[in-house]
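Enquirer: Provided herewith is a single structure, encoded as structure tokens, for subsequent inquiry.
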Amino acid sequence: MENIQRPASIDVLARQLAKVHALPHAVLVDCARSAVALNQPDSFAVASSLATEFAGHLIGDVVNATGVLLHTNLGRAPRAFGAESSGGFRAVNVEFDLDEGRRSSRNESVSSLLRMLIGAESALVVNNNAAAVMLVASALAHGRGIAVSRGESVEIGGGFRIPEVIEQSGATLVDVGTTNKTYRSDFERATKKSDIAFIMSIHSSNFEVSGFVHRPTTAELSKLDAPLVVDIGSGLLDNTCPWLTTQGMPVPTWLNGEPAARQALADGASLVTFSGDKLLGGPQCGIIAGQKSLVDQCAKHPLMRALRPGTDILLDIQSTLLSYLSRDVIHKIPFWTMVTETEDSLYQRALEVVRIAEAGVVERVESVPGAGSAPSARIGSWAVVLEGDYAELLRRNSPPIVTRSGGGRTICDLRSIAREDDAVLASAIRSIVK
């Protein structure tokens with residue numbers, strides 16, 4: 001019998017790549033899988049080439065030796081580092097492909113990372129999620145209709161309303177269904193009666209409607225003729241939370257029912273839009289992810305020039321997404337550090353603050369995710385409670401300490417305080433409580 005070459009082991013190949021490429025294991029697995037699928041004689045060489053190409057798309061510090069002082073592809077004005085001691089500075093390859101030595105898109109890095117994290121074909125970063133919604137509406141529906149359930153024409157923070165955002169895009173809002181009940185058939189009728197560019201499903205985020213209610217699922221809406229855009233808002237990447245479960249931690253129960261990007265795309269959404277600075281835990285930005293053809297339309301729209309983020313935001317969101325791929329969010333992303341700290345740990349910290357401050361008592365309280373994320377969620381916590389309203393005095397501390405107060409009591413919730421600041425809190429309490 002002829003010798004039949006067996007395909008390389010994905011895991012073995014990824015571990016071999018790790019010896020020469022400083023990339024997250026998930027990235028190397030993706031490169032190894034792609035290389036094996038190509039069925040070339042030297043899988044390692046192909047996988048290594050793919051890893052090099054991926055690294056070339058990542059944004060990072062570079063030395064600008066071009067003589068072009070404000071080089072557009074290298075982030076224009078350079079970023080200072082070590083300025084106090086040496087006055088050093090570096091450029092950033094924000095629009096420069098290091099692998100091929102050519103101009104590139106500032107969104108290639110984010111697209112590559114979100115492809116692996118949520119299964120998106122492509123992605124785009126803008127200033128915030130309202131900008132993401134407006135850009136999608138402008139690029140895909142100018143002069144046409146967008147079908148939205150009446151119960152989802154919501155007002156977001158600062159008094160901005162979805163109908164007004166859509167109006168500014170040049171699209172027309174087509175109300176569907178009723179405030180409490182909307183069905184798939186309502187959207188189907190709208191697509192037949194009106195010129196509908198896409199259907200939009202909007203997460204209520206900062207409120208809940210309960211009782212006699214109905215909303216069609218993403219899977220149901222995705223089967224209609226028009227594309228489906230799902231605004232999940234709060235930015236949960238995957239409702240199975242692999243960045244926690246692979247560390248032996250359970251999925252938080254308060255995330256039950258929270259929409260997630262991976263599942264929305266898997267259920268047939270054409271695009272998802274969400275915030276970068278909520279459950280994702282990154283910088284303030286908005287993300288559009290999904291079908292490449294639709295993302296490309298958004299990227300080419302003139303409004304994109306006004307909504308695109310700067311170098312620092314791109315570096316921050318890239319770092320955030322790499323932490324998810326490295327399964328290191330608990331240590332690298334403060335939001336998940338706060339969420340995953342145990343109540344017992346918080347209790348011990350609160351006891352120590354009271355001991356050092358020689359004031360206050362320890363009480364169990366409830367924290368909330370905030371920012372319109374999981375509005376009904378409550379997370380058990382422990383606090384240092386002071387009898388009396390010391391909120392103003394604590395705000396005058398250096399650094400200022402912002403607390404909750406009510407009923408003549410001041411509540412200092414430990415879950416939202418970095419462990420390193422426990423001593424700051426204790427010192428401040430000791431200085432003001434006589």
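Here's how to read the names in the structure tokens: chain A, B, ... by the order shown, residue numbers from 1 in each chain, ligand numbers from 1 in the order shown.
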As a ChimeraX atom specification, list the residues of range 111-168 of chain A assigned to helix (DSSP H, G or I) by DSSP on the backbone atoms of this structure.
Expert: /A:111-118,129-141,150-152,157-159,162-168
Enquirer: Write out as a PyMOL selection string each polymer residue whose atoms come within 8 Å of Phe335 in chain A, counting only C-alpha atoms; drop sequence neighbours fewer than 2 positions from it.
Expert: chain A and resi 279+281+333+337-339
Enquirer: Residues of range 12-123 of chain A in strand (DSSP E or B) according to DSSP, as number ranges by chain?
Expert: A: 61-62, 71, 76, 79-80, 89-92, 96-97, 102-103, 122-123
Enquirer: Got time to write the residues from that selection, C-alpha atoms, as a tab-separated table (two decimals), in the first residue's frame?
Expert:
```
chain	number	residue	atom	x	y	z
A	61	ASP	CA	4.87	50.82	18.16
A	62	VAL	CA	7.26	51.15	15.22
A	71	HIS	CA	3.16	60.01	8.54
A	76	ARG	CA	0.67	61.01	12.25
A	79	ARG	CA	3.18	58.76	20.78
A	80	ALA	CA	5.55	59.74	23.60
A	89	PHE	CA	8.74	58.62	21.07
A	90	ARG	CA	7.51	56.02	18.59
A	91	ALA	CA	5.21	55.93	15.59
A	92	VAL	CA	2.35	53.40	15.36
A	96	PHE	CA	0.56	50.15	7.65
A	97	ASP	CA	0.88	46.41	6.96
A	102	ARG	CA	2.05	48.68	2.20
A	103	ARG	CA	-0.79	50.90	3.36
A	122	SER	CA	-15.34	41.59	9.06
A	123	ALA	CA	-15.58	44.43	11.57
```
Enquirer: Find the residues near range 194-203 of chain A: any atom within 7 Å, counting only C-alpha atoms, skip ones fewer than 6 places away on the same chain, and give them as JSON, numbers by chain.
Expert: {"A": [140, 141, 144, 145, 146, 147, 148, 152, 226, 227, 228, 229, 230, 231, 232, 233]}
Enquirer: Quick check, in Å to one decimal: how far apart do CA of Arg215 in chain A and CA of Cys241 in chain A lie?
Expert: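 Those two atoms sit 24.7 Å apart.
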Enquirer: Fewer than 6 positions away in the same chain doesn't count, so skip those; otherwise give me all residues within 10 Å of Arg106 in chain A, counting only C-alpha atoms, as a ChimeraX atom specification.
Expert: /A:57-59,73,75,93-97,124-125,308-311,314
Enquirer: With C-alpha atoms retained, write the just-selected residues as a CSV table (one decimal), in the first residue's frame.
Expert:
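Contents of the output file again.csv:
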```
chain,number,residue,atom,x,y,z
A,57,HIS,CA,-1.9,43.4,10.8
A,58,LEU,CA,-1.6,44.1,14.6
A,59,ILE,CA,-1.2,47.7,15.6
A,73,ASN,CA,-0.1,55.5,7.9
A,75,GLY,CA,-0.4,57.5,13.2
A,93,ASN,CA,1.5,51.3,12.3
A,94,VAL,CA,-2.1,52.3,12.5
A,95,GLU,CA,-2.6,52.0,8.7
A,96,PHE,CA,0.6,50.1,7.6
A,97,ASP,CA,0.9,46.4,7.0
A,124,LEU,CA,-15.3,48.2,11.9
A,125,VAL,CA,-14.6,50.5,14.9
A,308,ARG,CA,-13.3,56.8,12.8
A,309,PRO,CA,-11.4,56.4,16.1
A,310,GLY,CA,-7.8,57.5,16.8
A,311,THR,CA,-4.7,55.5,17.5
A,314,LEU,CA,-7.5,51.3,18.3
```
Enquirer: Would you compute the distance between CA of Ala260 in chain A and CA of Val272 in chain A? Give it in Å to one decimal.
Expert: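 Calculated distance between CA of Ala260 in chain A and CA of Val272 in chain A is 9.2 Å.
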Enquirer: Excluding Ala55 in chain A and its own-chain neighbours fewer than 6 positions away, which residues fall within 12 Å of it when counting only C-alpha atoms? Please give them as JSON, numbers by chain.
Expert: {"A": [20, 21, 22, 23, 24, 27, 28, 31, 48, 49, 93, 96, 97, 98, 99, 100, 108, 109, 112, 113, 322]}
Enquirer: Quick one: write out the picked residues with N, CA and C atoms as a compact mmCIF listing (two decimals), in the first residue's frame?
Expert:
```
# COMPACT_ATOMS: atom_id res chain seq x y z
N VAL A 20 8.03 30.17 17.97
CA VAL A 20 8.61 31.24 17.12
C VAL A 20 7.68 32.44 16.96
N HIS A 21 6.42 32.32 17.43
CA HIS A 21 5.48 33.43 17.29
C HIS A 21 4.86 33.76 18.64
N ALA A 22 5.02 34.99 19.10
CA ALA A 22 4.47 35.43 20.39
C ALA A 22 3.03 35.92 20.20
N LEU A 23 2.15 34.98 19.90
CA LEU A 23 0.74 35.28 19.70
C LEU A 23 -0.11 34.41 20.62
N PRO A 24 -1.35 34.83 20.95
CA PRO A 24 -2.22 33.99 21.78
C PRO A 24 -2.41 32.60 21.16
N VAL A 27 -5.01 32.22 18.47
CA VAL A 27 -4.60 32.71 17.15
C VAL A 27 -3.78 31.65 16.42
N LEU A 28 -2.85 31.04 17.15
CA LEU A 28 -2.00 30.01 16.55
C LEU A 28 -2.81 28.78 16.14
N CYS A 31 -4.44 29.68 12.88
CA CYS A 31 -3.46 29.59 11.78
C CYS A 31 -3.17 28.14 11.42
N SER A 48 3.11 29.06 9.76
CA SER A 48 4.02 30.11 10.22
C SER A 48 3.86 31.36 9.38
N SER A 49 3.65 31.18 8.07
CA SER A 49 3.44 32.32 7.19
C SER A 49 2.14 33.04 7.54
N ASN A 93 1.94 51.73 13.65
CA ASN A 93 1.53 51.27 12.32
C ASN A 93 0.01 51.16 12.21
N PHE A 96 -0.60 50.65 8.40
CA PHE A 96 0.56 50.15 7.65
C PHE A 96 0.73 48.66 7.92
N ASP A 97 0.73 47.87 6.86
CA ASP A 97 0.88 46.41 6.96
C ASP A 97 2.37 46.08 7.01
N LEU A 98 2.85 45.63 8.16
CA LEU A 98 4.27 45.32 8.33
C LEU A 98 4.69 44.10 7.52
N ASP A 99 3.75 43.20 7.25
CA ASP A 99 4.09 41.99 6.52
C ASP A 99 4.38 42.30 5.06
N GLU A 100 3.55 43.14 4.45
CA GLU A 100 3.70 43.42 3.02
C GLU A 100 4.30 44.78 2.73
N GLU A 108 -8.14 46.27 10.06
CA GLU A 108 -7.77 44.89 9.77
C GLU A 108 -7.50 44.09 11.04
N SER A 109 -6.83 44.73 12.01
CA SER A 109 -6.52 44.03 13.25
C SER A 109 -7.78 43.61 13.99
N SER A 112 -9.66 40.77 12.22
CA SER A 112 -9.04 39.45 12.42
C SER A 112 -9.37 38.88 13.80
N LEU A 113 -9.32 39.74 14.82
CA LEU A 113 -9.57 39.27 16.18
C LEU A 113 -11.04 38.90 16.39
N LEU A 322 -7.29 40.94 22.39
CA LEU A 322 -6.21 39.97 22.55
C LEU A 322 -6.29 39.30 23.93
```
Enquirer: Near range 401-415 of chain A, counting only C-alpha atoms, which residues have an atom at most 10 Å away, once you skip same-chain residues fewer than 5 positions from it, shown as a ChimeraX atom specification?
Expert: /A:337-343,345-347,349-350,353,360-368,379-396,421-422,424-425,428
Enquirer: Could you check which of A:Gly151, A:Gly170, A:Gly248, A:Pro259 is closest to Ser210 in chain A, using only C-alpha atoms?
Expert: A:Gly151
Enquirer: Quick one: residues within 9 Å of Leu265 in chain A, only C-alpha atoms counted, chain neighbours fewer than 3 positions away excluded, as a PyMOL selection string?
Expert: chain A and resi 118-120+218+230+260-262+268-272+289-290
Enquirer: Go ahead and save the picked residues with N, CA and C atoms, as an mmCIF file, in the first residue's frame.
Expert:
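Now in again_7.cif:
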```
data_model
loop_
_atom_site.group_PDB
_atom_site.id
_atom_site.type_symbol
_atom_site.label_atom_id
_atom_site.label_comp_id
_atom_site.auth_asym_id
_atom_site.auth_seq_id
_atom_site.Cartn_x
_atom_site.Cartn_y
_atom_site.Cartn_z
ATOM 1 N N ILE A 118 -15.979 35.978 17.583
ATOM 2 C CA ILE A 118 -17.438 35.907 17.440
ATOM 3 C C ILE A 118 -17.888 35.372 16.083
ATOM 4 N N GLY A 119 -16.940 35.011 15.217
ATOM 5 C CA GLY A 119 -17.318 34.449 13.924
ATOM 6 C C GLY A 119 -17.736 35.483 12.894
ATOM 7 N N ALA A 120 -17.339 36.745 13.076
ATOM 8 C CA ALA A 120 -17.677 37.795 12.111
ATOM 9 C C ALA A 120 -16.746 37.734 10.913
ATOM 10 N N THR A 218 -33.994 36.345 16.924
ATOM 11 C CA THR A 218 -33.056 36.663 15.840
ATOM 12 C C THR A 218 -33.155 35.629 14.726
ATOM 13 N N VAL A 230 -28.648 43.571 14.279
ATOM 14 C CA VAL A 230 -28.991 43.417 15.695
ATOM 15 C C VAL A 230 -28.093 44.333 16.517
ATOM 16 N N ALA A 260 -25.771 38.322 22.947
ATOM 17 C CA ALA A 260 -24.326 38.272 22.703
ATOM 18 C C ALA A 260 -24.041 38.249 21.210
ATOM 19 N N ALA A 261 -22.892 38.784 20.833
ATOM 20 C CA ALA A 261 -22.542 38.951 19.429
ATOM 21 C C ALA A 261 -22.416 37.618 18.694
ATOM 22 N N ARG A 262 -21.666 36.664 19.270
ATOM 23 C CA ARG A 262 -21.449 35.384 18.587
ATOM 24 C C ARG A 262 -22.773 34.682 18.306
ATOM 25 N N GLY A 268 -28.081 34.098 12.493
ATOM 26 C CA GLY A 268 -28.411 34.630 11.173
ATOM 27 C C GLY A 268 -28.380 36.132 11.017
ATOM 28 N N ALA A 269 -27.991 36.869 12.054
ATOM 29 C CA ALA A 269 -27.893 38.320 11.915
ATOM 30 C C ALA A 269 -26.864 38.674 10.846
ATOM 31 N N SER A 270 -27.181 39.670 10.027
ATOM 32 C CA SER A 270 -26.238 40.117 9.002
ATOM 33 C C SER A 270 -25.139 40.963 9.621
ATOM 34 N N LEU A 271 -25.517 41.805 10.578
ATOM 35 C CA LEU A 271 -24.589 42.656 11.309
ATOM 36 C C LEU A 271 -24.990 42.710 12.774
ATOM 37 N N VAL A 272 -24.005 42.930 13.641
ATOM 38 C CA VAL A 272 -24.281 43.278 15.033
ATOM 39 C C VAL A 272 -23.551 44.588 15.323
ATOM 40 N N ALA A 289 -19.960 44.575 13.228
ATOM 41 C CA ALA A 289 -19.336 43.309 12.837
ATOM 42 C C ALA A 289 -20.349 42.422 12.128
ATOM 43 N N GLY A 290 -19.845 41.622 11.185
ATOM 44 C CA GLY A 290 -20.730 40.688 10.492
ATOM 45 C C GLY A 290 -20.310 40.468 9.055
#
```
Enquirer: Using only C-alpha atoms, can you tell me which of A:Val354, A:Val110, A:Met116, A:Ala171 comes closest to Asp30 in chain A?
Expert: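 Looking only at the distances to Asp30 in chain A, the closest residue turns out to be A:Met116.
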Enquirer: Give me, please, the distance in Å between CA of Val295 in chain A and CA of Asn129 in chain A, quoted to one decimal.
Expert: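 Calculated distance between CA of Val295 in chain A and CA of Asn129 in chain A is 14.8 Å.
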